[in-house]
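Below is one structure, written out as structure tokens, with a few remarks after it.
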Amino acid sequence: MTPKRAQEIRTAFTSFFGERDHAVLPSASLIPRDPTVLFTVAGMVPFKPYFLGEEAAPHRRAVTVQKCVRAGGKHNDLDEIGRTRRHLTFFEMLGNFSFGDYFKEEAIGWAWEFVTEGLGFDPDRLWITVHLSDDEAAEIWRDAAGVAPDRIQRMDEDNYWRMADTGPCGPCSEIFFDKGPEFGGDGGPAHGGDERFLEFWNLVFMQFDQQPDGLVPLPKPSIDTGAGLERILTLIQGVESVFDIDEMAELVGEASAVTGVKLGAADHSDLTLRILAEHARTMTFLISDGVFPSNEDRGYVLRRIMRRAIRRAYLLGVTEVVTPKLVDKVVDIMGHDYPDIAANRSFVRDVVAREEEGFRSTLAQGSQILDDAIDHLGEGEALSGDLAFLLHDTYGFPFEVTEETAREQDVAVDRAGFDQLMEGQRSRAREDFDARHATSADVSAYFALVSEHGPTEFTGRDFDTAEAVVLAVTDDGIILDRTPFYAEAGGQVGDTGTITSPTGSARITDTTYVVPELHLHHATEIDGEISVGQTVIAAINADRRAAIRRNHTATHLLHWALKEVLGDHVKQQGSLVADDRLRFDFTHFEAVGADQIDKIERLANADILDNPPTRNYETSMAEATEAGAIAFFGDKYGERVRVLEAGPHSIELCGGTHVRALGDIGPVKIVSEGSIGANIRRIEAVTGTRPVEMLTEQERVVAQTAERLGVPAEQLLAGADKRMAEIKSLRAELAELRQAASSDQSAVLAQQAVDGVVVALVEGVDRGQLRDLAIATRDRPDVAAVVLGAAPEGGGAALVAAATADCDLHAGELIAEAAATIGGGGGRDAKLAIAGGRDPSRLEEALSQVRVAAGIGS
């Protein structure tokens, strides 16, 4: 039976290639390992290291249905969503891959077989394109697949694929479907109408390595297939738009139900329903994969998508929160094929609900400001960058939402002005990954070492020292064939120690991966000589490693305890495991309270006191997943993974080093908790002897404090409360005395008034007292304005100007010039202005300027 629905085609595709010895792999995360793209934008992205030769592929062949997002950077279709028949931010790409195994003949044969027999496409309505130079592919299509020669067309750049300016590349071949003459002119894909001939299958033949000086054949040519599921569904289901295919149509129906607006009621409301349906998938999958609404990078793109949908619903007059119901529908429809979104349903609902509620609270006010500004623009006038920035910074309007709103009314927005203001606001520098991990040596030389000698053998789980052979000595450090040194990964810092040869020794200050699977020992000091081929003794700093192990295993316990206390929505977002502390970043919506911190510590320490053994072992990814192991953020996982079982509650994937029993950790103490971004919190903690050292220090402080208060340590709180009450009473008494003194002094100052204006230098007052004295003097009979200057204790100069309600003099203007004279600036208020400066020596000069400004001096 020919598959017709999305779920059936996913299964048919993976089954077809699975039967042909392809490893059937789940979709990779939408957060890619590749730093050159914001999201996973194509099926081949998770396999890029295999195509580049950076890592050995665990399978010769693979097949996936990969979830993809194109909504930022180079790949950005967001503005087209809902307006065209094809554009989506979230889509699924069917892909079969060969990593140096089969090539053109098999790829073409299987593609034709699946498309014509598996999917039931009429061969007479299919066209093939190949590159101008690819005679081999054209012959295979003609002779092996049986495609008529007049349906095989040759094209140039449209049929050549490049990963980048250099690197793997090669010709590609595409399959097109002829939708019929009612959609445009004939002539095939090369010459006919774009709407008539729809490309839905692309075979990339990666057979060359583009070098700066020319093409070099790859030793193992590979296959990368990309077929858009949604496009295939439009053809199989005979619909004109991706919004009419089965799963999307259900989502459009749900959008209609939650907004109360029927499809077909009006063009603008139909556009909103399509946007809500499409963005529902994107937000659900992104949040489930660990992206959270924020003002940075991926989080900003997600926030923009969500707010675009929320705003559209708001403009329809919908007053209820709609996104959680849309998330539910996405999970109901697609959760069978993507179990992660089903498992994370409640968490995703919480995130979207909070974001929508927060945005709706400012949407009305911001929309009114924007609409008013547009209404007052002259013909052809653009909306200012200042206003766009205000809406972004104060009302949470992404620039693109402002731009889209303006565009709907044929108004442009000053993007350059907005960008300038945004740039001025940015204070945190972003360090590029390559800059942080750059080495001076040619990376290709390191890949050659891996190819010749294999990856570094890591012996550090069982041994602190190892006998090893030196493979390379560079400006960056030393490469060994085996090592006990752990290379920085998964949040755990690299080891330090020594490497000793018969002719010299080196102090190792860090260990990193210079390329995947190859340890680089950073040597800052080499005494004597260490040469390639020598046998050396590599020894880590064992005490430092022991502390790191304690902190690393404690990180896993805290992760479990955080979930127990705060909820299953807690997910790791980053970590640092060093010898002196641990840091753990996680998703949560609000500050963690003191009582919650106590519970988290008690849970972790209870497991530590029970002292169960840990179990750190290697297994298959499938078995680890079945056992319930949680993957840590940022780690890279192949088919073989390491699992840490830290007591009865925590089981996670982790390649780091750990204690052998939980009791080895010692007590764990959380020392800080705070926000590091929208919906992201951070805790820092210490283990081992550090909590005891902290307790000792705190006891010393308590004892000293008690001694100074003159009470026993156990009565410290009562003693402190007593002293605070005494201080409060004394402060009240002092305030009364100051008020009386101020009243007396204000009477004296009032007598100095000239034409109702007092200008005077006073001594022995602080800034607060100066303000109070100025107000008290102003409120005296026959005084209209007062300017007082002083040199408060602690340095600097101060000016205070005060004017009565019916006075014509402006307080801020009276001291404007004077404030500059004392080297500072101050307030602009008409009735009470305060200024500060650095130079008290010029106070008399400044007050003379005030007299001139008030018209009572020369």
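Just remember, in the structure tokens the first chain shown is A, the second B, etc., residues are 1-based per chain, and ligands are 1-based in the order shown.
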Select from range 409-549 of chain A everything DSSP, run on the backbone, classes as alpha helix (DSSP H), then give the selection as a PDB file with C-alpha atoms, in the first residue's frame.
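As written to disk, out-v5.pdb reads:
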```pdb
ATOM      1  CA  ARG A 415      17.383  49.699  10.666  1.00  0.00           C
ATOM      2  CA  ALA A 416      20.762  51.464  10.688  1.00  0.00           C
ATOM      3  CA  GLY A 417      19.705  53.711  13.572  1.00  0.00           C
ATOM      4  CA  PHE A 418      18.353  50.747  15.511  1.00  0.00           C
ATOM      5  CA  ASP A 419      21.542  48.715  14.949  1.00  0.00           C
ATOM      6  CA  GLN A 420      23.674  51.614  16.142  1.00  0.00           C
ATOM      7  CA  LEU A 421      21.735  51.836  19.393  1.00  0.00           C
ATOM      8  CA  MET A 422      21.871  48.077  19.885  1.00  0.00           C
ATOM      9  CA  GLU A 423      25.623  48.074  19.370  1.00  0.00           C
ATOM     10  CA  GLY A 424      26.007  50.821  21.948  1.00  0.00           C
ATOM     11  CA  GLN A 425      24.070  48.732  24.466  1.00  0.00           C
ATOM     12  CA  PHE A 433      35.217  29.288  19.771  1.00  0.00           C
ATOM     13  CA  ASP A 434      38.107  29.116  17.345  1.00  0.00           C
ATOM     14  CA  ALA A 435      39.919  31.952  19.127  1.00  0.00           C
ATOM     15  CA  ARG A 436      39.564  30.184  22.460  1.00  0.00           C
ATOM     16  CA  VAL A 443      45.558  21.191  12.131  1.00  0.00           C
ATOM     17  CA  SER A 444      45.986  18.849   9.162  1.00  0.00           C
ATOM     18  CA  ALA A 445      49.244  17.625  10.705  1.00  0.00           C
ATOM     19  CA  TYR A 446      47.315  16.560  13.805  1.00  0.00           C
ATOM     20  CA  PHE A 447      44.755  14.728  11.689  1.00  0.00           C
ATOM     21  CA  ALA A 448      47.666  12.950  10.028  1.00  0.00           C
ATOM     22  CA  LEU A 449      48.865  11.794  13.466  1.00  0.00           C
ATOM     23  CA  VAL A 450      45.437  10.326  14.213  1.00  0.00           C
ATOM     24  CA  SER A 451      45.399   8.606  10.833  1.00  0.00           C
ATOM     25  CA  GLU A 452      48.873   7.119  11.379  1.00  0.00           C
ATOM     26  CA  HIS A 453      48.801   6.232  15.084  1.00  0.00           C
ATOM     27  CA  ALA A 542      46.848  13.349  41.554  1.00  0.00           C
ATOM     28  CA  ASP A 543      45.550  15.560  44.373  1.00  0.00           C
ATOM     29  CA  ARG A 544      44.086  18.026  41.876  1.00  0.00           C
ATOM     30  CA  ARG A 545      42.454  15.201  39.912  1.00  0.00           C
ATOM     31  CA  ALA A 546      40.943  13.775  43.115  1.00  0.00           C
ATOM     32  CA  ALA A 547      39.335  17.139  43.843  1.00  0.00           C
ATOM     33  CA  ILE A 548      38.051  17.350  40.273  1.00  0.00           C
ATOM     34  CA  ARG A 549      36.536  13.863  40.562  1.00  0.00           C
TER      35      ARG A 549
END
```
For this session: For Leu263 in chain A, list every protein, DNA or RNA residue within 8 Å, evaluated using only C-alpha atoms, and leave out those in the same chain fewer than 5 positions away; present the list as a list in words.
Result: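 My list of contacting residues is Gly253, Ser256, Ser269, Asp270 and Leu273 of chain A.
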Save the residues we just selected, N, CA, C and O atoms, as a PDB file, in the first residue's frame?
```
ATOM      1  N   GLY A 253      -6.176  23.723  11.901  1.00  0.00           N
ATOM      2  CA  GLY A 253      -7.488  23.546  12.529  1.00  0.00           C
ATOM      3  C   GLY A 253      -7.458  23.855  14.012  1.00  0.00           C
ATOM      4  O   GLY A 253      -8.388  24.469  14.549  1.00  0.00           O
ATOM      5  N   SER A 256      -7.349  27.529  14.517  1.00  0.00           N
ATOM      6  CA  SER A 256      -8.696  28.075  14.348  1.00  0.00           C
ATOM      7  C   SER A 256      -9.524  27.878  15.611  1.00  0.00           C
ATOM      8  O   SER A 256     -10.238  28.784  16.050  1.00  0.00           O
ATOM      9  N   SER A 269      -6.641  36.947   8.640  1.00  0.00           N
ATOM     10  CA  SER A 269      -6.811  35.947   9.694  1.00  0.00           C
ATOM     11  C   SER A 269      -6.326  34.578   9.227  1.00  0.00           C
ATOM     12  O   SER A 269      -5.791  33.798  10.029  1.00  0.00           O
ATOM     13  N   ASP A 270      -6.467  34.280   7.935  1.00  0.00           N
ATOM     14  CA  ASP A 270      -5.898  33.029   7.411  1.00  0.00           C
ATOM     15  C   ASP A 270      -4.382  33.019   7.560  1.00  0.00           C
ATOM     16  O   ASP A 270      -3.780  31.991   7.905  1.00  0.00           O
ATOM     17  N   LEU A 273      -3.562  32.184  11.154  1.00  0.00           N
ATOM     18  CA  LEU A 273      -3.745  30.761  11.462  1.00  0.00           C
ATOM     19  C   LEU A 273      -2.574  29.935  10.930  1.00  0.00           C
ATOM     20  O   LEU A 273      -2.098  29.008  11.604  1.00  0.00           O
TER      21      LEU A 273
END
```
For this session: Write out as number ranges by chain the residues lying within 12 Å of Ile540 in chain A, counting only C-alpha atoms and excluding same-chain residues fewer than 4 positions away.
Result: A: 459-461, 463-466, 483-487, 494-500, 506-511, 521, 544-546
Exercise. At what distance in Å, to one decimal, does CA of Leu377 in chain A lie from CA of Val318 in chain A?
Worked result: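 Computing the Euclidean distance for CA of Val318 in chain A and CA of Leu377 in chain A yields 28.4 Å.
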Go through range 588-703 of chain A residue by residue and, counting only C-alpha atoms, keep those with an atom at most 12 Å from range 711-730 of chain A; for each kept residue give the shortest atom pair and its distance in Å to one decimal, ordered by chain and increasing number, as a Markdown table.
```
| residue | atom | partner | partner_atom | distance |
| --- | --- | --- | --- | --- |
| A:Gln698 | CA | A:Ala713 | CA | 11.9 |
| A:Glu699 | CA | A:Ala713 | CA | 9.2 |
| A:Arg700 | CA | A:Ala713 | CA | 10.3 |
| A:Val701 | CA | A:Ala713 | CA | 10.2 |
| A:Val702 | CA | A:Ala713 | CA | 6.6 |
| A:Ala703 | CA | A:Ala713 | CA | 5.8 |
```
Those same residues - all heavy atoms - I'd like them written as a compact mmCIF listing (two decimals), in the first residue's frame.
```
# COMPACT_ATOMS: atom_id res chain seq x y z
N GLN A 698 33.60 30.50 59.05
CA GLN A 698 32.37 31.11 59.54
C GLN A 698 32.31 31.08 61.07
O GLN A 698 31.85 32.05 61.70
CB GLN A 698 31.16 30.39 58.94
CG GLN A 698 30.97 30.67 57.45
CD GLN A 698 29.93 29.78 56.83
OE1 GLN A 698 29.34 28.92 57.49
NE2 GLN A 698 29.70 29.97 55.54
N GLU A 699 32.77 29.97 61.68
CA GLU A 699 32.81 29.90 63.15
C GLU A 699 33.73 30.97 63.72
O GLU A 699 33.44 31.58 64.76
CB GLU A 699 33.26 28.51 63.58
CG GLU A 699 32.21 27.42 63.37
CD GLU A 699 32.72 26.06 63.76
OE1 GLU A 699 33.96 25.90 63.87
OE2 GLU A 699 31.89 25.16 63.99
N ARG A 700 34.88 31.20 63.05
CA ARG A 700 35.81 32.23 63.51
C ARG A 700 35.15 33.61 63.46
O ARG A 700 35.27 34.41 64.39
CB ARG A 700 37.07 32.21 62.65
CG ARG A 700 38.15 33.19 63.10
CD ARG A 700 39.33 33.17 62.14
NE ARG A 700 38.94 33.68 60.83
CZ ARG A 700 38.83 34.97 60.56
NH1 ARG A 700 39.06 35.89 61.49
NH2 ARG A 700 38.50 35.36 59.34
N VAL A 701 34.43 33.89 62.36
CA VAL A 701 33.75 35.18 62.21
C VAL A 701 32.67 35.33 63.27
O VAL A 701 32.51 36.40 63.87
CB VAL A 701 33.17 35.32 60.79
CG1 VAL A 701 32.29 36.56 60.69
CG2 VAL A 701 34.28 35.38 59.75
N VAL A 702 31.92 34.26 63.52
CA VAL A 702 30.87 34.30 64.54
C VAL A 702 31.46 34.61 65.91
O VAL A 702 30.95 35.44 66.67
CB VAL A 702 30.09 32.97 64.56
CG1 VAL A 702 29.22 32.88 65.82
CG2 VAL A 702 29.23 32.83 63.32
N ALA A 703 32.58 33.93 66.23
CA ALA A 703 33.20 34.14 67.54
C ALA A 703 33.69 35.58 67.69
O ALA A 703 33.51 36.22 68.74
CB ALA A 703 34.36 33.16 67.72
```
Problem set entry | CA of Asn96 in chain A to CA of His336 in chain A, straight-line distance in Å |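 One can read the CA of His336 in chain A to CA of Asn96 in chain A distance as 21.5 Å.
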Exercise. Counting only C-alpha atoms, what is within 7 Å of range 784-786 of chain A, bar same-chain residues fewer than 4 positions away, as a PyMOL selection string?
Worked result: chain A and resi 756-759+774+777-778+801-804+807
For this session: Pick out the closest residue to His131 in chain A from this set: A:Ile822, A:Ala144, A:Ile152, A:Val63. Count only C-alpha atoms.
Result: A:Ile152
Problem set entry | Nearest to Ala280 in chain A by atom-to-atom distance, counting only C-alpha atoms, from A:Ala791, A:Ala627, A:Ile333, A:Leu363 |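 Nearest to Ala280 in chain A: A:Ile333.
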Problem set entry | Val641 in chain A surroundings by only C-alpha atoms, 9 Å radius, close-in-sequence under 3 positions cut, as a list of chain:residue names |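 Skipping anything fewer than 3 positions along the chain leaves A:Tyr617, A:Glu618, A:Thr619, A:Ser620, A:Met621, A:Ala624, A:Tyr637, A:Gly638, A:Leu653, A:Cys654, A:Gly655.
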Write the residues you've just listed into a file as a compact mmCIF listing (two decimals), in the first residue's frame, and include C-alpha atoms for each of them.
```
# COMPACT_ATOMS: atom_id res chain seq x y z
CA TYR A 617 30.96 1.90 32.16
CA GLU A 618 30.80 1.90 28.39
CA THR A 619 27.76 0.69 26.48
CA SER A 620 25.74 1.34 23.34
CA MET A 621 23.72 4.52 23.01
CA ALA A 624 22.05 3.72 27.74
CA TYR A 637 27.90 11.12 21.71
CA GLY A 638 28.54 8.35 19.20
CA LEU A 653 25.92 9.93 30.04
CA CYS A 654 29.35 11.29 30.92
CA GLY A 655 32.88 10.74 29.68
```
